[in-house]
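Peer 1: So that we are looking at the same thing, I have put the structure below in structure tokens.
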Amino acid sequence: MTKPALSFAAVPGRRRATIELAGEIERRGFGGLYCPSFGDGLALCEAIALGTREIPFGTSIVNIYTRHPSDFAQTAAFIHELSGGRFRFGIGVSHAPANARLGVPTGKPLADMRRFVGELRQGAERTGDLPPLVLAALRRPMVALAGELGDGAVWANAARSHMPASLHGLPAGAHRADFFIGNMVPTCVCDDREAGAAVMRRVLRGYVQLPNYQRYWVEAGYEDEMRAIQRAIAERRTEQLMELMSDRWLNDVTLFGTAARIRDGVDSWRAAGVTTPILVPSSTRGGQMEAMHEIFAAFV
């Protein structure tokens with residue numbers, strides 16, 4: 001059984017425990033470790049580089065608007081060298097509301113990403129080799145750009161049924177064995193499917209309010225759900241959002257249920273073309289640590 005990759009973050013007060021957890025994830029033979037932007041994913045990746053020996057890891061993702069590309073180049077090259085080539089630098093444009101909270105203007109995503117990658121590579125002329133670049137993608141234009149400029153593409157909360165259509169947007173040059181294709185899949189191991197579904201809806205409640213995700217899920221075949229959610233937001237009925245997330249949509253975007261169902265779901269993601277499913281653990285019984293141990297038990 002080829003185990004999936006896992007996503008985790010270092011939260012205040014448990015940073016050392018998180019690094020120790022990375023070592024346990026490696027010992028258990030999982031397929032990778034990928035760190036989201038919250039909790040300083042780059043700092044966590046540096047610690048993983050020093051605290052592990054073999055497991056591949058990376059950011060999924062770093063927001064390109066938060067630091068200058070030449071500054072990112074120094075850090076990325078540093079971790080790349082420390083890790084012996086195990087690090088992948090996942091980058092993306094994040095979301096306009098998140099950038100607005102930081103006081104960072106969001107420009108034109110495709111043009112900004114193209115400019116960022118160019119400046120990053122210029123900066124690397126002074127800092128050493130860059131790691132493989134993985135671009136965060138949702139809709140087809142960014143997928144195509146990932147294939148043109150990068151060494152991989154990573155989704156978050158993608159629809160499994162739509163993944164073959166998304167991958168069809170990759171240029172011919174991206175169809176190679178070392179091109180990274182990942183998706184961060186919200187996951188809850190539980191015997192009570194109803195409780196697991198409630199956890200998954202809470203996890204995705206913020207995402208369904210983001211316009212870029214709404215457009216993606218419309219493209220993926222969930223127009224009725226997204227239009228209903230847009231109306232509820234416009235009418236300030238946000239308390240109804242969770243009930244507007246259909247079972248059909250939830251089963252396409254997340255994994256929840258028994259250990260066997262989770263394992264079968266990982267296989268389904270691979271069959272859809274995602275070579276590196278990245279499980280983002282949640283639990284009906286506790287926080288990240290509890291959720292991780294439930295994943296461990298599911299993939300003994």
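The chains in the structure tokens are called A, B, ... from first to last as shown; in each chain the residues are counted from 1, and the ligands are counted from 1 in the order shown.
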Could you give me, as a PyMOL selection string, the residues within 10 Å of Met184 (chain A), counting only C-alpha atoms and dropping anything in the same chain fewer than 4 positions from it?
Peer 2: chain A and resi 5-7+34+36+60+154-158+253-254+276-281
Peer 1: Okay, now the selection with N, CA and C atoms, as a PDB file, in the first residue's frame?
Peer 2:
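Writing the result to out.pdb gives the following:
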ATOM      1  N   ALA A   5       0.428  11.497   1.081  1.00  0.00           N
ATOM      2  CA  ALA A   5       1.119  12.562   1.808  1.00  0.00           C
ATOM      3  C   ALA A   5       0.158  13.167   2.824  1.00  0.00           C
ATOM      4  N   LEU A   6       0.706  13.922   3.756  1.00  0.00           N
ATOM      5  CA  LEU A   6      -0.094  14.562   4.790  1.00  0.00           C
ATOM      6  C   LEU A   6       0.220  16.057   4.844  1.00  0.00           C
ATOM      7  N   SER A   7      -0.780  16.815   5.284  1.00  0.00           N
ATOM      8  CA  SER A   7      -0.620  18.253   5.497  1.00  0.00           C
ATOM      9  C   SER A   7      -0.679  18.533   6.988  1.00  0.00           C
ATOM     10  N   TYR A  34       3.345  18.340   3.611  1.00  0.00           N
ATOM     11  CA  TYR A  34       3.147  19.616   2.918  1.00  0.00           C
ATOM     12  C   TYR A  34       2.509  20.612   3.873  1.00  0.00           C
ATOM     13  N   PRO A  36       0.875  24.270   4.915  1.00  0.00           N
ATOM     14  CA  PRO A  36       0.110  25.421   4.434  1.00  0.00           C
ATOM     15  C   PRO A  36       0.739  26.731   4.891  1.00  0.00           C
ATOM     16  N   SER A  60       2.542  24.277   0.679  1.00  0.00           N
ATOM     17  CA  SER A  60       1.340  24.154  -0.150  1.00  0.00           C
ATOM     18  C   SER A  60       0.217  25.056   0.406  1.00  0.00           C
ATOM     19  N   VAL A 154      -0.497  22.059  -7.740  1.00  0.00           N
ATOM     20  CA  VAL A 154      -1.174  21.555  -6.548  1.00  0.00           C
ATOM     21  C   VAL A 154      -2.513  22.270  -6.395  1.00  0.00           C
ATOM     22  N   TRP A 155      -3.532  21.484  -6.142  1.00  0.00           N
ATOM     23  CA  TRP A 155      -4.866  22.000  -5.875  1.00  0.00           C
ATOM     24  C   TRP A 155      -5.140  21.898  -4.377  1.00  0.00           C
ATOM     25  N   ALA A 156      -6.162  22.599  -3.936  1.00  0.00           N
ATOM     26  CA  ALA A 156      -6.700  22.407  -2.593  1.00  0.00           C
ATOM     27  C   ALA A 156      -8.215  22.381  -2.716  1.00  0.00           C
ATOM     28  N   ASN A 157      -8.832  21.356  -2.155  1.00  0.00           N
ATOM     29  CA  ASN A 157     -10.293  21.223  -2.173  1.00  0.00           C
ATOM     30  C   ASN A 157     -10.840  21.064  -3.588  1.00  0.00           C
ATOM     31  N   ALA A 158     -10.096  20.407  -4.439  1.00  0.00           N
ATOM     32  CA  ALA A 158     -10.561  20.178  -5.806  1.00  0.00           C
ATOM     33  C   ALA A 158     -11.700  19.169  -5.812  1.00  0.00           C
ATOM     34  N   VAL A 253     -15.406  16.401  -2.974  1.00  0.00           N
ATOM     35  CA  VAL A 253     -14.352  17.339  -2.577  1.00  0.00           C
ATOM     36  C   VAL A 253     -13.574  16.853  -1.352  1.00  0.00           C
ATOM     37  N   THR A 254     -14.198  16.035  -0.513  1.00  0.00           N
ATOM     38  CA  THR A 254     -13.577  15.609   0.749  1.00  0.00           C
ATOM     39  C   THR A 254     -13.585  14.094   0.870  1.00  0.00           C
ATOM     40  N   THR A 276      -0.070  12.614  -6.069  1.00  0.00           N
ATOM     41  CA  THR A 276       0.228  12.820  -4.652  1.00  0.00           C
ATOM     42  C   THR A 276      -1.002  13.386  -3.938  1.00  0.00           C
ATOM     43  N   PRO A 277      -1.918  12.518  -3.508  1.00  0.00           N
ATOM     44  CA  PRO A 277      -2.999  13.006  -2.649  1.00  0.00           C
ATOM     45  C   PRO A 277      -2.420  13.449  -1.305  1.00  0.00           C
ATOM     46  N   ILE A 278      -2.814  14.652  -0.869  1.00  0.00           N
ATOM     47  CA  ILE A 278      -2.316  15.212   0.391  1.00  0.00           C
ATOM     48  C   ILE A 278      -3.503  15.319   1.342  1.00  0.00           C
ATOM     49  N   LEU A 279      -3.573  14.441   2.317  1.00  0.00           N
ATOM     50  CA  LEU A 279      -4.692  14.449   3.248  1.00  0.00           C
ATOM     51  C   LEU A 279      -4.511  15.562   4.277  1.00  0.00           C
ATOM     52  N   VAL A 280      -5.584  16.331   4.480  1.00  0.00           N
ATOM     53  CA  VAL A 280      -5.589  17.413   5.471  1.00  0.00           C
ATOM     54  C   VAL A 280      -6.480  16.942   6.614  1.00  0.00           C
ATOM     55  N   PRO A 281      -5.891  16.408   7.689  1.00  0.00           N
ATOM     56  CA  PRO A 281      -6.688  15.703   8.686  1.00  0.00           C
ATOM     57  C   PRO A 281      -7.508  16.622   9.590  1.00  0.00           C
TER      58      PRO A 281
END
Peer 1: If you count only C-alpha atoms, which residues fall within 9 Å of Leu135 (chain A), apart from same-chain ones fewer than 4 positions away, as a list in words?
Peer 2: Ser60, Ile61, Phe89, Gly90, Ile91, Gly92, Met113, Met142, Val143, Leu145, Ala146, Gly147, Leu149, Gly150, Asp151, Gly152, Ala153, Val154 and Trp155 of chain A
Peer 1: Please produce a file of those selected residues containing N, CA and C atoms, as a PDB file, in the first residue's frame.
Peer 2:
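Final file, part-v2.pdb:
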ATOM      1  N   SER A  60       2.542  24.277   0.679  1.00  0.00           N
ATOM      2  CA  SER A  60       1.340  24.154  -0.150  1.00  0.00           C
ATOM      3  C   SER A  60       0.217  25.056   0.406  1.00  0.00           C
ATOM      4  N   ILE A  61       0.381  26.331   0.326  1.00  0.00           N
ATOM      5  CA  ILE A  61       1.367  27.030  -0.474  1.00  0.00           C
ATOM      6  C   ILE A  61       1.918  28.234   0.281  1.00  0.00           C
ATOM      7  N   PHE A  89       8.897  23.839  -3.559  1.00  0.00           N
ATOM      8  CA  PHE A  89       8.439  25.183  -3.194  1.00  0.00           C
ATOM      9  C   PHE A  89       7.094  25.430  -3.867  1.00  0.00           C
ATOM     10  N   GLY A  90       6.034  25.233  -3.090  1.00  0.00           N
ATOM     11  CA  GLY A  90       4.684  25.477  -3.584  1.00  0.00           C
ATOM     12  C   GLY A  90       4.304  26.933  -3.394  1.00  0.00           C
ATOM     13  N   ILE A  91       3.876  27.589  -4.466  1.00  0.00           N
ATOM     14  CA  ILE A  91       3.592  29.026  -4.444  1.00  0.00           C
ATOM     15  C   ILE A  91       2.227  29.285  -5.053  1.00  0.00           C
ATOM     16  N   GLY A  92       1.588  30.356  -4.596  1.00  0.00           N
ATOM     17  CA  GLY A  92       0.277  30.690  -5.129  1.00  0.00           C
ATOM     18  C   GLY A  92      -0.101  32.118  -4.822  1.00  0.00           C
ATOM     19  N   MET A 113       1.933  35.923 -11.222  1.00  0.00           N
ATOM     20  CA  MET A 113       2.674  34.683 -11.033  1.00  0.00           C
ATOM     21  C   MET A 113       3.833  34.587 -12.026  1.00  0.00           C
ATOM     22  N   MET A 142      -4.508  28.821 -14.846  1.00  0.00           N
ATOM     23  CA  MET A 142      -3.377  28.645 -13.927  1.00  0.00           C
ATOM     24  C   MET A 142      -2.779  27.250 -14.055  1.00  0.00           C
ATOM     25  N   VAL A 143      -3.611  26.258 -14.384  1.00  0.00           N
ATOM     26  CA  VAL A 143      -3.090  24.913 -14.637  1.00  0.00           C
ATOM     27  C   VAL A 143      -2.101  24.957 -15.807  1.00  0.00           C
ATOM     28  N   LEU A 145      -0.426  27.512 -16.866  1.00  0.00           N
ATOM     29  CA  LEU A 145       0.776  28.256 -16.480  1.00  0.00           C
ATOM     30  C   LEU A 145       1.699  27.393 -15.615  1.00  0.00           C
ATOM     31  N   ALA A 146       1.099  26.567 -14.745  1.00  0.00           N
ATOM     32  CA  ALA A 146       1.911  25.658 -13.925  1.00  0.00           C
ATOM     33  C   ALA A 146       2.719  24.720 -14.808  1.00  0.00           C
ATOM     34  N   GLY A 147       2.093  24.233 -15.875  1.00  0.00           N
ATOM     35  CA  GLY A 147       2.803  23.358 -16.791  1.00  0.00           C
ATOM     36  C   GLY A 147       3.870  24.063 -17.594  1.00  0.00           C
ATOM     37  N   LEU A 149       5.544  27.057 -16.577  1.00  0.00           N
ATOM     38  CA  LEU A 149       6.592  27.679 -15.771  1.00  0.00           C
ATOM     39  C   LEU A 149       7.149  26.782 -14.679  1.00  0.00           C
ATOM     40  N   GLY A 150       6.359  25.819 -14.239  1.00  0.00           N
ATOM     41  CA  GLY A 150       6.705  25.110 -13.020  1.00  0.00           C
ATOM     42  C   GLY A 150       7.077  23.655 -13.216  1.00  0.00           C
ATOM     43  N   ASP A 151       7.266  23.016 -12.071  1.00  0.00           N
ATOM     44  CA  ASP A 151       7.602  21.595 -12.009  1.00  0.00           C
ATOM     45  C   ASP A 151       6.467  20.793 -11.387  1.00  0.00           C
ATOM     46  N   GLY A 152       5.315  21.433 -11.263  1.00  0.00           N
ATOM     47  CA  GLY A 152       4.178  20.739 -10.699  1.00  0.00           C
ATOM     48  C   GLY A 152       3.019  21.682 -10.481  1.00  0.00           C
ATOM     49  N   ALA A 153       1.870  21.096 -10.153  1.00  0.00           N
ATOM     50  CA  ALA A 153       0.656  21.850  -9.844  1.00  0.00           C
ATOM     51  C   ALA A 153       0.019  21.223  -8.621  1.00  0.00           C
ATOM     52  N   VAL A 154      -0.497  22.059  -7.740  1.00  0.00           N
ATOM     53  CA  VAL A 154      -1.174  21.555  -6.548  1.00  0.00           C
ATOM     54  C   VAL A 154      -2.513  22.270  -6.395  1.00  0.00           C
ATOM     55  N   TRP A 155      -3.532  21.484  -6.142  1.00  0.00           N
ATOM     56  CA  TRP A 155      -4.866  22.000  -5.875  1.00  0.00           C
ATOM     57  C   TRP A 155      -5.140  21.898  -4.377  1.00  0.00           C
TER      58      TRP A 155
END
Peer 1: Between CA of Ile64 (chain A) and CA of His95 (chain A), what is the spacing in Å?
Peer 2: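 According to the coordinates, CA of His95 (chain A) and CA of Ile64 (chain A) are separated by 11.0 Å.
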Peer 1: Mind the document's chain letters and residue numbers, and return as a ChimeraX atom specification the residues of region 14-167 of chain A that DSSP labels strand (DSSP E or B).
Peer 2: /A:33-35,57-59,62-63,87-92,133-136,152-156
Peer 1: Select, from A:Gly31, A:Pro69, A:Gly206, A:Gly273, the residue with the minimum atom-to-atom distance to Glu119 (chain A), counting only C-alpha atoms.
Peer 2: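 The closest residue to Glu119 (chain A) is A:Pro69.
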Peer 1: List the spatial neighbours of Gln214 (chain A) as an NGL selection string - criterion: any atom at most 10 Å away, only C-alpha atoms, same-chain residues fewer than 2 positions off excluded.
Peer 2: :A and (207-212 or 216-220 or 222-223 or 225-227 or 229-230)
Peer 1: Quick check for you: according to DSSP on this backbone, which residues of region 108-224 of chain A are classed as helix (DSSP H, G or I)? Reply as a compact mmCIF listing (two decimals) with N, CA and C atoms, in the first residue's frame.
Peer 2:
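Okay, this is what ended up in out-v4.txt:
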# COMPACT_ATOMS: atom_id res chain seq x y z
N PRO A 109 -3.73 37.55 -11.33
CA PRO A 109 -3.00 36.37 -10.86
C PRO A 109 -2.03 35.78 -11.87
N LEU A 110 -2.42 35.64 -13.13
CA LEU A 110 -1.53 35.00 -14.10
C LEU A 110 -0.30 35.87 -14.37
N ALA A 111 -0.52 37.14 -14.58
CA ALA A 111 0.61 38.04 -14.83
C ALA A 111 1.50 38.16 -13.61
N ASP A 112 0.89 38.23 -12.43
CA ASP A 112 1.68 38.34 -11.20
C ASP A 112 2.51 37.08 -10.96
N MET A 113 1.93 35.92 -11.22
CA MET A 113 2.67 34.68 -11.03
C MET A 113 3.83 34.59 -12.03
N ARG A 114 3.59 34.95 -13.26
CA ARG A 114 4.65 34.91 -14.27
C ARG A 114 5.80 35.84 -13.86
N ARG A 115 5.46 37.04 -13.40
CA ARG A 115 6.49 38.00 -12.99
C ARG A 115 7.23 37.49 -11.76
N PHE A 116 6.50 36.92 -10.81
CA PHE A 116 7.12 36.41 -9.58
C PHE A 116 8.13 35.32 -9.90
N VAL A 117 7.75 34.36 -10.73
CA VAL A 117 8.66 33.26 -11.05
C VAL A 117 9.91 33.79 -11.75
N GLY A 118 9.75 34.76 -12.65
CA GLY A 118 10.90 35.34 -13.32
C GLY A 118 11.84 36.02 -12.34
N GLU A 119 11.29 36.79 -11.41
CA GLU A 119 12.12 37.48 -10.43
C GLU A 119 12.72 36.51 -9.43
N LEU A 120 12.00 35.46 -9.10
CA LEU A 120 12.53 34.44 -8.19
C LEU A 120 13.76 33.80 -8.81
N ARG A 121 13.69 33.47 -10.08
CA ARG A 121 14.82 32.83 -10.75
C ARG A 121 15.99 33.79 -10.92
N GLN A 122 15.69 35.07 -11.10
CA GLN A 122 16.78 36.05 -11.13
C GLN A 122 17.47 36.12 -9.78
N GLY A 123 16.68 36.12 -8.70
CA GLY A 123 17.26 36.15 -7.36
C GLY A 123 18.11 34.93 -7.07
N ALA A 124 17.71 33.79 -7.65
CA ALA A 124 18.46 32.55 -7.40
C ALA A 124 19.83 32.55 -8.06
N GLU A 125 20.06 33.47 -8.98
CA GLU A 125 21.39 33.57 -9.58
C GLU A 125 22.44 33.92 -8.53
N ARG A 126 21.99 34.51 -7.41
CA ARG A 126 22.92 34.90 -6.35
C ARG A 126 22.84 33.98 -5.13
N THR A 127 21.81 33.13 -5.08
CA THR A 127 21.58 32.37 -3.85
C THR A 127 21.78 30.87 -4.00
N ARG A 140 -8.39 26.40 -15.24
CA ARG A 140 -7.51 25.94 -16.32
C ARG A 140 -6.40 26.92 -16.70
N PRO A 141 -6.60 28.23 -16.71
CA PRO A 141 -5.48 29.11 -17.08
C PRO A 141 -4.27 28.96 -16.16
N MET A 142 -4.51 28.82 -14.85
CA MET A 142 -3.38 28.64 -13.93
C MET A 142 -2.78 27.25 -14.05
N VAL A 143 -3.61 26.26 -14.38
CA VAL A 143 -3.09 24.91 -14.64
C VAL A 143 -2.10 24.96 -15.81
N ALA A 144 -2.50 25.63 -16.87
CA ALA A 144 -1.62 25.74 -18.04
C ALA A 144 -0.33 26.47 -17.69
N LEU A 145 -0.43 27.51 -16.87
CA LEU A 145 0.78 28.26 -16.48
C LEU A 145 1.70 27.39 -15.61
N ALA A 146 1.10 26.57 -14.74
CA ALA A 146 1.91 25.66 -13.92
C ALA A 146 2.72 24.72 -14.81
N GLY A 147 2.09 24.23 -15.88
CA GLY A 147 2.80 23.36 -16.79
C GLY A 147 3.87 24.06 -17.59
N GLU A 148 3.63 25.35 -17.86
CA GLU A 148 4.61 26.13 -18.63
C GLU A 148 5.81 26.55 -17.79
N LEU A 149 5.54 27.06 -16.58
CA LEU A 149 6.59 27.68 -15.77
C LEU A 149 7.15 26.78 -14.68
N ARG A 160 -12.98 15.80 -7.30
CA ARG A 160 -12.36 14.64 -7.91
C ARG A 160 -12.91 14.36 -9.31
N SER A 161 -14.21 14.50 -9.50
CA SER A 161 -14.82 14.22 -10.80
C SER A 161 -14.31 15.16 -11.89
N HIS A 162 -13.82 16.33 -11.50
CA HIS A 162 -13.38 17.34 -12.47
C HIS A 162 -11.88 17.28 -12.72
N MET A 163 -11.16 16.47 -11.95
CA MET A 163 -9.71 16.48 -12.06
C MET A 163 -9.21 16.07 -13.45
N PRO A 164 -9.77 15.04 -14.09
CA PRO A 164 -9.28 14.74 -15.45
C PRO A 164 -9.41 15.91 -16.41
N ALA A 165 -10.51 16.67 -16.32
CA ALA A 165 -10.68 17.84 -17.17
C ALA A 165 -9.66 18.91 -16.84
N SER A 166 -9.36 19.09 -15.55
CA SER A 166 -8.36 20.07 -15.15
C SER A 166 -6.98 19.69 -15.68
N LEU A 167 -6.64 18.44 -15.56
CA LEU A 167 -5.31 17.98 -16.00
C LEU A 167 -5.18 18.03 -17.52
N ALA A 172 1.87 19.84 -23.19
CA ALA A 172 2.52 18.55 -23.45
C ALA A 172 3.80 18.37 -22.64
N GLY A 173 4.54 19.46 -22.42
CA GLY A 173 5.80 19.36 -21.70
C GLY A 173 5.66 18.96 -20.25
N ALA A 174 4.45 19.10 -19.70
CA ALA A 174 4.24 18.75 -18.30
C ALA A 174 3.95 17.27 -18.10
N ARG A 193 -20.59 8.65 9.86
CA ARG A 193 -20.51 9.43 8.62
C ARG A 193 -21.17 10.80 8.77
N GLU A 194 -22.27 10.86 9.50
CA GLU A 194 -22.96 12.14 9.66
C GLU A 194 -22.10 13.13 10.42
N ALA A 195 -21.44 12.66 11.47
CA ALA A 195 -20.55 13.54 12.24
C ALA A 195 -19.37 13.97 11.39
N GLY A 196 -18.83 13.05 10.59
CA GLY A 196 -17.72 13.40 9.71
C GLY A 196 -18.12 14.43 8.67
N ALA A 197 -19.31 14.28 8.11
CA ALA A 197 -19.79 15.25 7.12
C ALA A 197 -19.92 16.63 7.75
N ALA A 198 -20.40 16.69 8.99
CA ALA A 198 -20.53 17.99 9.67
C ALA A 198 -19.17 18.65 9.86
N VAL A 199 -18.14 17.85 10.20
CA VAL A 199 -16.79 18.40 10.34
C VAL A 199 -16.30 18.94 9.00
N MET A 200 -16.51 18.19 7.92
CA MET A 200 -16.05 18.62 6.61
C MET A 200 -16.77 19.90 6.17
N ARG A 201 -18.03 20.02 6.47
CA ARG A 201 -18.75 21.25 6.10
C ARG A 201 -18.21 22.44 6.88
N ARG A 202 -17.85 22.24 8.14
CA ARG A 202 -17.26 23.34 8.92
C ARG A 202 -15.91 23.73 8.33
N VAL A 203 -15.10 22.74 7.94
CA VAL A 203 -13.80 23.02 7.36
C VAL A 203 -13.93 23.87 6.10
N LEU A 204 -14.95 23.59 5.28
CA LEU A 204 -15.09 24.25 3.97
C LEU A 204 -16.00 25.47 4.00
N TYR A 207 -14.22 28.48 2.65
CA TYR A 207 -13.85 28.37 1.24
C TYR A 207 -15.03 28.64 0.31
N VAL A 208 -16.23 28.19 0.68
CA VAL A 208 -17.36 28.39 -0.23
C VAL A 208 -17.75 29.86 -0.33
N GLN A 209 -17.20 30.70 0.54
CA GLN A 209 -17.48 32.13 0.47
C GLN A 209 -16.48 32.89 -0.40
N PRO A 211 -14.84 33.94 -3.87
CA PRO A 211 -15.28 33.98 -5.27
C PRO A 211 -14.49 33.06 -6.20
N ASN A 212 -13.17 32.96 -5.99
CA ASN A 212 -12.39 32.10 -6.90
C ASN A 212 -12.77 30.63 -6.74
N TYR A 213 -13.06 30.21 -5.52
CA TYR A 213 -13.52 28.84 -5.34
C TYR A 213 -14.93 28.64 -5.89
N GLN A 214 -15.78 29.62 -5.71
CA GLN A 214 -17.12 29.50 -6.27
C GLN A 214 -17.07 29.32 -7.78
N ARG A 215 -16.21 30.10 -8.45
CA ARG A 215 -16.08 29.97 -9.91
C ARG A 215 -15.53 28.60 -10.30
N TYR A 216 -14.57 28.12 -9.52
CA TYR A 216 -14.02 26.79 -9.82
C TYR A 216 -15.09 25.72 -9.68
N TRP A 217 -15.84 25.75 -8.60
CA TRP A 217 -16.84 24.70 -8.40
C TRP A 217 -17.99 24.80 -9.38
N VAL A 218 -18.29 25.98 -9.87
CA VAL A 218 -19.25 26.10 -10.98
C VAL A 218 -18.69 25.38 -12.20
N GLU A 219 -17.42 25.65 -12.51
CA GLU A 219 -16.76 24.98 -13.64
C GLU A 219 -16.78 23.47 -13.47
N GLU A 223 -22.95 24.28 -10.18
CA GLU A 223 -23.49 25.62 -10.31
C GLU A 223 -24.67 25.85 -9.39
N ASP A 224 -25.57 24.89 -9.26
CA ASP A 224 -26.75 25.09 -8.41
C ASP A 224 -26.32 25.38 -6.97
Peer 1: Please provide as a ChimeraX atom specification all residues within 12 Å of Leu44 (chain A), with the sequence filter that same-chain residues fewer than 6 positions apart are discarded (counting only C-alpha atoms).
Peer 2: /A:7-11,14-22,33-38,50-52,57-60,62,75,79,87
Peer 1: For the residues in that selection, give me C-alpha atoms as a compact mmCIF listing (two decimals), in the first residue's frame.
Peer 2:
# COMPACT_ATOMS: atom_id res chain seq x y z
CA SER A 7 -0.62 18.25 5.50
CA PHE A 8 0.12 19.80 8.84
CA ALA A 9 0.90 23.15 10.45
CA ALA A 10 2.88 24.28 13.49
CA VAL A 11 0.58 26.14 15.85
CA ARG A 14 3.04 22.98 19.87
CA ARG A 15 5.81 23.77 17.41
CA ARG A 16 8.35 21.37 18.91
CA ALA A 17 5.72 18.64 19.11
CA THR A 18 4.94 19.25 15.43
CA ILE A 19 8.59 18.67 14.46
CA GLU A 20 8.58 15.45 16.46
CA LEU A 21 5.39 14.48 14.64
CA ALA A 22 7.17 15.00 11.30
CA LEU A 33 4.63 16.38 4.24
CA TYR A 34 3.15 19.62 2.92
CA CYS A 35 2.82 22.78 4.96
CA PRO A 36 0.11 25.42 4.43
CA SER A 37 0.76 29.13 4.68
CA PHE A 38 -0.63 29.62 8.18
CA LEU A 50 16.86 19.26 9.59
CA GLY A 51 14.59 16.87 11.50
CA THR A 52 13.98 14.22 8.82
CA PHE A 57 8.13 17.83 1.76
CA GLY A 58 7.13 21.29 0.68
CA THR A 59 4.91 24.31 1.03
CA SER A 60 1.34 24.15 -0.15
CA VAL A 62 3.37 30.22 0.13
CA THR A 75 15.06 30.89 1.79
CA ILE A 79 16.02 24.74 2.37
CA PHE A 87 11.92 20.21 -0.83
Peer 1: Could you pull the residues within 12 Å of Phe296 (chain A), counting only C-alpha atoms, minus those fewer than 2 positions along the same chain, as a count of residues only?
Peer 2: 28
